[in-house]
Each structure stands twice: as C-alpha cells, then as structure tokens.
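A.B. asks: Structure file start-v6.pdb (PDB, C-alpha atoms, pLDDT in the B column) is given on the next line.
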```
ATOM      1  CA  MET A   1      86.317 110.274 104.917  1.00 65.00           C
ATOM      2  CA  SER A   2      86.161 106.692 106.147  1.00 74.00           C
ATOM      3  CA  ILE A   3      83.374 105.181 108.184  1.00 75.00           C
ATOM      4  CA  GLN A   4      85.671 104.718 111.159  1.00 78.00           C
ATOM      5  CA  ASN A   5      86.474 108.428 111.190  1.00 79.00           C
ATOM      6  CA  LEU A   6      82.774 109.325 111.062  1.00 79.00           C
ATOM      7  CA  ILE A   7      81.999 106.975 113.955  1.00 82.00           C
ATOM      8  CA  LEU A   8      84.887 108.462 115.929  1.00 83.00           C
ATOM      9  CA  ILE A   9      83.552 111.982 115.303  1.00 86.00           C
ATOM     10  CA  GLN A  10      80.064 110.933 116.434  1.00 85.00           C
ATOM     11  CA  LEU A  11      81.491 109.382 119.613  1.00 84.00           C
ATOM     12  CA  LEU A  12      83.465 112.540 120.338  1.00 88.00           C
ATOM     13  CA  ILE A  13      80.322 114.631 119.921  1.00 89.00           C
ATOM     14  CA  ASP A  14      78.448 112.333 122.324  1.00 88.00           C
ATOM     15  CA  VAL A  15      81.267 112.544 124.887  1.00 88.00           C
ATOM     16  CA  LEU A  16      81.327 116.343 124.611  1.00 88.00           C
ATOM     17  CA  LEU A  17      77.554 116.449 125.058  1.00 87.00           C
ATOM     18  CA  CYS A  18      77.815 114.295 128.200  1.00 86.00           C
ATOM     19  CA  LEU A  19      80.612 116.502 129.572  1.00 89.00           C
ATOM     20  CA  LEU A  20      78.495 119.562 128.870  1.00 88.00           C
ATOM     21  CA  LEU A  21      75.585 118.035 130.787  1.00 86.00           C
ATOM     22  CA  VAL A  22      77.841 117.108 133.719  1.00 89.00           C
ATOM     23  CA  PHE A  23      79.218 120.647 133.753  1.00 89.00           C
ATOM     24  CA  PHE A  24      75.668 122.030 133.644  1.00 86.00           C
ATOM     25  CA  PHE A  25      74.557 119.863 136.585  1.00 86.00           C
ATOM     26  CA  TRP A  26      77.696 120.742 138.504  1.00 85.00           C
ATOM     27  CA  GLN A  27      77.014 124.442 137.959  1.00 83.00           C
ATOM     28  CA  MET A  28      73.401 124.007 139.062  1.00 80.00           C
ATOM     29  CA  ASN A  29      74.431 122.173 142.221  1.00 80.00           C
ATOM     30  CA  ARG A  30      77.070 124.774 142.980  1.00 79.00           C
ATOM     31  CA  ARG A  31      74.580 127.582 142.561  1.00 75.00           C
ATOM     32  CA  GLY A  32      72.007 125.604 144.516  1.00 68.00           C
ATOM     33  CA  GLY A  33      74.236 125.834 147.573  1.00 60.00           C
ATOM     34  CA  GLU A  34      74.530 129.613 147.192  1.00 56.00           C
ATOM     35  CA  LYS A  35      70.945 130.395 146.417  1.00 53.00           C
ATOM     36  CA  LYS A  36      67.869 128.448 145.667  1.00 53.00           C
ATOM     37  CA  GLY A  37      67.802 127.665 141.918  1.00 50.00           C
ATOM     38  CA  PRO A  38      65.246 125.837 139.851  1.00 52.00           C
ATOM     39  CA  ASP A  39      64.535 122.230 140.750  1.00 53.00           C
ATOM     40  CA  LEU A  40      65.915 119.839 138.129  1.00 59.00           C
ATOM     41  CA  THR A  41      63.887 116.924 139.314  1.00 63.00           C
ATOM     42  CA  GLY A  42      60.797 118.127 137.472  1.00 70.00           C
ATOM     43  CA  ALA A  43      60.192 119.150 133.868  1.00 75.00           C
ATOM     44  CA  ASP A  44      63.826 120.137 133.191  1.00 78.00           C
ATOM     45  CA  ARG A  45      65.061 116.685 134.072  1.00 80.00           C
ATOM     46  CA  GLU A  46      62.451 115.129 131.835  1.00 82.00           C
ATOM     47  CA  GLN A  47      63.519 117.385 128.952  1.00 83.00           C
ATOM     48  CA  PHE A  48      67.158 116.395 129.450  1.00 83.00           C
ATOM     49  CA  GLN A  49      66.231 112.719 129.388  1.00 84.00           C
ATOM     50  CA  LYS A  50      64.262 113.252 126.166  1.00 87.00           C
ATOM     51  CA  PHE A  51      67.203 115.145 124.716  1.00 86.00           C
ATOM     52  CA  ILE A  52      69.638 112.360 125.617  1.00 87.00           C
ATOM     53  CA  GLU A  53      67.297 109.674 124.269  1.00 88.00           C
ATOM     54  CA  GLU A  54      66.849 111.584 121.020  1.00 88.00           C
ATOM     55  CA  SER A  55      70.614 111.948 120.743  1.00 87.00           C
ATOM     56  CA  ARG A  56      71.019 108.183 121.192  1.00 87.00           C
ATOM     57  CA  LYS A  57      68.403 107.466 118.531  1.00 89.00           C
ATOM     58  CA  LEU A  58      70.048 109.840 116.093  1.00 88.00           C
ATOM     59  CA  SER A  59      73.446 108.290 116.800  1.00 87.00           C
ATOM     60  CA  ALA A  60      72.059 104.808 116.188  1.00 87.00           C
ATOM     61  CA  GLU A  61      70.435 105.938 112.929  1.00 89.00           C
ATOM     62  CA  PHE A  62      73.679 107.595 111.873  1.00 88.00           C
ATOM     63  CA  VAL A  63      75.702 104.442 112.549  1.00 88.00           C
ATOM     64  CA  ALA A  64      73.086 102.324 110.734  1.00 89.00           C
ATOM     65  CA  SER A  65      73.181 104.600 107.696  1.00 89.00           C
ATOM     66  CA  LEU A  66      76.983 104.480 107.726  1.00 87.00           C
ATOM     67  CA  GLU A  67      76.863 100.697 107.817  1.00 90.00           C
ATOM     68  CA  GLU A  68      74.381 100.620 104.943  1.00 90.00           C
ATOM     69  CA  GLY A  69      76.608 102.986 102.970  1.00 89.00           C
ATOM     70  CA  ARG A  70      79.594 100.742 103.638  1.00 89.00           C
ATOM     71  CA  LYS A  71      77.664  97.710 102.371  1.00 92.00           C
ATOM     72  CA  ASN A  72      76.629  99.628  99.247  1.00 91.00           C
ATOM     73  CA  LEU A  73      80.227 100.683  98.630  1.00 91.00           C
ATOM     74  CA  LYS A  74      81.378  97.086  99.034  1.00 92.00           C
ATOM     75  CA  SER A  75      78.858  95.834  96.491  1.00 92.00           C
ATOM     76  CA  LEU A  76      79.809  98.621  94.078  1.00 92.00           C
ATOM     77  CA  ALA A  77      83.493  97.801  94.501  1.00 92.00           C
ATOM     78  CA  PHE A  78      82.778  94.128  93.836  1.00 92.00           C
ATOM     79  CA  ALA A  79      80.760  94.992  90.705  1.00 92.00           C
ATOM     80  CA  LEU A  80      83.545  97.276  89.482  1.00 91.00           C
ATOM     81  CA  ASP A  81      86.175  94.588  90.090  1.00 92.00           C
ATOM     82  CA  GLU A  82      84.085  92.088  88.142  1.00 91.00           C
ATOM     83  CA  ARG A  83      83.657  94.496  85.225  1.00 92.00           C
ATOM     84  CA  GLU A  84      87.364  95.296  85.258  1.00 91.00           C
ATOM     85  CA  ARG A  85      88.162  91.574  85.129  1.00 90.00           C
ATOM     86  CA  ARG A  86      85.786  91.077  82.196  1.00 89.00           C
ATOM     87  CA  LEU A  87      87.234  94.070  80.363  1.00 89.00           C
ATOM     88  CA  ARG A  88      90.757  92.732  80.844  1.00 89.00           C
ATOM     89  CA  GLU A  89      89.705  89.339  79.496  1.00 87.00           C
ATOM     90  CA  LEU A  90      88.077  90.949  76.467  1.00 86.00           C
ATOM     91  CA  LEU A  91      91.130  93.120  75.868  1.00 86.00           C
ATOM     92  CA  GLU A  92      93.474  90.133  76.040  1.00 85.00           C
ATOM     93  CA  ARG A  93      91.201  88.160  73.730  1.00 83.00           C
ATOM     94  CA  SER A  94      91.045  90.982  71.193  1.00 82.00           C
ATOM     95  CA  GLU A  95      94.835  91.376  71.318  1.00 82.00           C
ATOM     96  CA  ARG A  96      95.274  87.649  70.664  1.00 82.00           C
ATOM     97  CA  LEU A  97      92.885  87.820  67.714  1.00 79.00           C
ATOM     98  CA  LEU A  98      94.642  90.854  66.279  1.00 80.00           C
ATOM     99  CA  ASN A  99      98.044  89.231  66.686  1.00 79.00           C
ATOM    100  CA  ARG A 100      96.832  86.011  65.101  1.00 75.00           C
ATOM    101  CA  GLU A 101      95.410  87.881  62.104  1.00 72.00           C
ATOM    102  CA  SER A 102      98.610  89.846  61.654  1.00 70.00           C
ATOM    103  CA  GLY A 103     100.654  86.633  61.971  1.00 64.00           C
ATOM    104  CA  THR A 104     102.925  87.943  64.720  1.00 53.00           C
ATOM    105  CA  GLN A 105     101.862  85.502  67.422  1.00 49.00           C
ATOM    106  CA  LYS A 106     102.388  81.781  67.591  1.00 49.00           C
ATOM    107  CA  THR A 107      99.086  79.986  67.113  1.00 47.00           C
ATOM    108  CA  ALA A 108      98.612  77.156  69.546  1.00 48.00           C
ATOM    109  CA  VAL A 109      97.577  73.845  68.060  1.00 46.00           C
ATOM    110  CA  GLY A 110      93.875  73.200  68.561  1.00 46.00           C
ATOM    111  CA  GLU A 111      92.690  76.819  68.976  1.00 51.00           C
ATOM    112  CA  GLY A 112      89.646  76.354  66.818  1.00 49.00           C
ATOM    113  CA  THR A 113      91.443  75.939  63.470  1.00 60.00           C
ATOM    114  CA  ASP A 114      92.686  72.711  61.923  1.00 72.00           C
ATOM    115  CA  PRO A 115      96.473  72.834  62.488  1.00 74.00           C
ATOM    116  CA  TYR A 116      97.130  70.479  59.572  1.00 82.00           C
ATOM    117  CA  ARG A 117      95.371  72.769  57.130  1.00 85.00           C
ATOM    118  CA  GLU A 118      97.271  75.728  58.557  1.00 86.00           C
ATOM    119  CA  VAL A 119     100.538  73.836  58.033  1.00 87.00           C
ATOM    120  CA  LEU A 120      99.659  72.959  54.458  1.00 88.00           C
ATOM    121  CA  LYS A 121      98.590  76.537  53.667  1.00 89.00           C
ATOM    122  CA  MET A 122     101.867  77.911  54.986  1.00 89.00           C
ATOM    123  CA  VAL A 123     103.946  75.280  53.171  1.00 89.00           C
ATOM    124  CA  ASP A 124     102.058  76.019  49.939  1.00 90.00           C
ATOM    125  CA  ALA A 125     102.776  79.730  50.536  1.00 92.00           C
ATOM    126  CA  GLY A 126     106.482  78.903  50.405  1.00 91.00           C
ATOM    127  CA  LEU A 127     107.419  78.958  54.094  1.00 90.00           C
ATOM    128  CA  SER A 128     110.075  76.553  55.299  1.00 89.00           C
ATOM    129  CA  ALA A 129     109.271  73.802  57.797  1.00 88.00           C
ATOM    130  CA  GLN A 130     111.134  75.690  60.544  1.00 90.00           C
ATOM    131  CA  GLU A 131     109.218  78.942  59.863  1.00 89.00           C
ATOM    132  CA  VAL A 132     105.882  77.101  59.981  1.00 87.00           C
ATOM    133  CA  ALA A 133     106.939  75.312  63.177  1.00 86.00           C
ATOM    134  CA  ASP A 134     107.893  78.621  64.811  1.00 87.00           C
ATOM    135  CA  ARG A 135     104.597  80.273  63.906  1.00 86.00           C
ATOM    136  CA  LEU A 136     102.400  77.370  64.983  1.00 85.00           C
ATOM    137  CA  GLY A 137     104.353  76.303  68.053  1.00 83.00           C
ATOM    138  CA  MET A 138     105.114  72.875  66.634  1.00 85.00           C
ATOM    139  CA  THR A 139     108.356  71.066  65.878  1.00 87.00           C
ATOM    140  CA  ALA A 140     109.948  70.950  62.444  1.00 87.00           C
ATOM    141  CA  GLY A 141     109.577  67.140  62.526  1.00 88.00           C
ATOM    142  CA  GLU A 142     105.809  67.465  62.887  1.00 86.00           C
ATOM    143  CA  ILE A 143     105.715  69.813  59.915  1.00 88.00           C
ATOM    144  CA  GLU A 144     107.730  67.372  57.794  1.00 88.00           C
ATOM    145  CA  LEU A 145     105.429  64.537  58.818  1.00 88.00           C
ATOM    146  CA  ILE A 146     102.350  66.508  57.763  1.00 87.00           C
ATOM    147  CA  LYS A 147     104.000  67.368  54.427  1.00 86.00           C
ATOM    148  CA  ASN A 148     104.909  63.702  53.823  1.00 86.00           C
ATOM    149  CA  LEU A 149     101.376  62.555  54.682  1.00 83.00           C
ATOM    150  CA  LYS A 150     100.000  65.005  52.131  1.00 79.00           C
ATOM    151  CA  ARG A 151     102.333  63.646  49.439  1.00 79.00           C
ATOM    152  CA  ARG A 152     101.476  60.041  50.303  1.00 75.00           C
ATOM    153  CA  LYS A 153      97.679  60.584  50.261  1.00 69.00           C
ATOM    154  CA  PRO A 154      97.421  61.326  46.475  1.00 66.00           C
ATOM    155  CA  GLN A 155      99.688  58.304  45.718  1.00 63.00           C
ATOM    156  CA  GLU A 156      97.413  55.938  47.681  1.00 61.00           C
ATOM    157  CA  THR A 157      94.260  57.077  45.876  1.00 64.00           C
ATOM    158  CA  SER A 158      95.690  56.368  42.397  1.00 57.00           C
TER
END
```
The structure in this file should be written as structure tokens.
C.D. replies:
Amino acid sequence: MSIQNLILIQLLIDVLLCLLLVFFFWQMNRRGGEKKGPDLTGADREQFQKFIEESRKLSAEFVASLEEGRKNLKSLAFALDERERRLRELLERSERLLNRESGTQKTAVGEGTDPYREVLKMVDAGLSAQEVADRLGMTAGEIELIKNLKRRKPQETS
C-alpha cells in the first residue's frame, strides 16, 4: 500500500471522526430543546478537546512515520540500484574475460596486452593475416607491417 493511500485513509478517518462529533453535538442540542440534558460546556467539552488534540497528535506522528518510511525505502532503492549496476558491470567484465580466453571475441588494441606480441603469437601459430586482423580488430595491412618489422629486426642486428 502506498504512502498516499495511507494518508488518504487517515484523512478519511479524521473526517469521519469530525462528522461523528458534529452529529453528536447536533443530537445533544436537539435533545436539549426537548428536555434538559447534560451541559457540554464543562468536563465533557474538555474531554472532547483532549480527544481531538490526541487524534491530531497521533495523525501527525503517523504522517511523520510514513515520511520516515518513505525516506528509508528511497535509500534502500538507491542502494539496490547501485548494487545492481555494480553486479551488471562485474557480469559484463567476466563475460568479456571469458570470451577473450576462449578466443571468440575481438580483442581491442591496448586492453592491457601488447598487441604486437599477440599478433606475432597468432602468426607463429599459423593464422593468416586476415584471421589475426579479425580477432584483434586491426587491419590486415597492420598485421603485415608487424610481420615485416619482425623480419627486418633480426637482419638489422646481424
């Protein structure tokens, strides 16, 4: 049940209580014309005022507790949203790691591994330049350049 519904119920109860008091006073005045009834200006009136004041206090406390509950629910919802976001991030990260280890996902250049070493490992494993380019998200020209630089390096040192 929402807070607005609870406040509406409390207001309806207060309105019914006021109507009941008006009806009671009306009945007392009507009977007062017929025969002499008890005087409401004394202790009875004081009791009704205390009763109404107590009802107001209880209503205010009820609304305050509803407001506090709403604030608590908001903070809980925020905390849950934050945890859900973190869980989603962790899930996506773990899926990327699993895909990278299984070799089914393209590895972006610069994701923590040396792309040139990755290229050379794949070329040494017998993959074509196009296959390496597809897996690493590079062009075939880049792969050929890396291969040529590797061949040239041993020639320069001799």
A.B. asks: For Ile143 of chain A, which residue among A:Ile3, A:Ile52, A:Leu97, A:Val123 is the nearest when counting only C-alpha atoms?
C.D. replies: A:Val123
A.B. asks: Near Val63 of chain A, counting all atoms listed in the file, which residues have an atom at most 9 Å away, once you skip same-chain residues fewer than 6 positions from it, shown as an MDAnalysis selection string?
C.D. replies: chainID A and resid 3 6:7 10
A.B. asks: Compile the contact shell of Lys121 of chain A as a PyMOL selection string: residues with an atom at most 12 Å away, counting all atoms listed in the file, same-chain residues fewer than 6 positions apart removed.
C.D. replies: chain A and resi 114-115+127-129+132+136+143+146-147+150
A.B. asks: Return as an MDAnalysis selection string the set of residues that the PyMOL selection byres ((chain A and resi 66) around 12) yields on the displayed structure.
C.D. replies: chainID A and resid 1:7 10 59:65 67:73
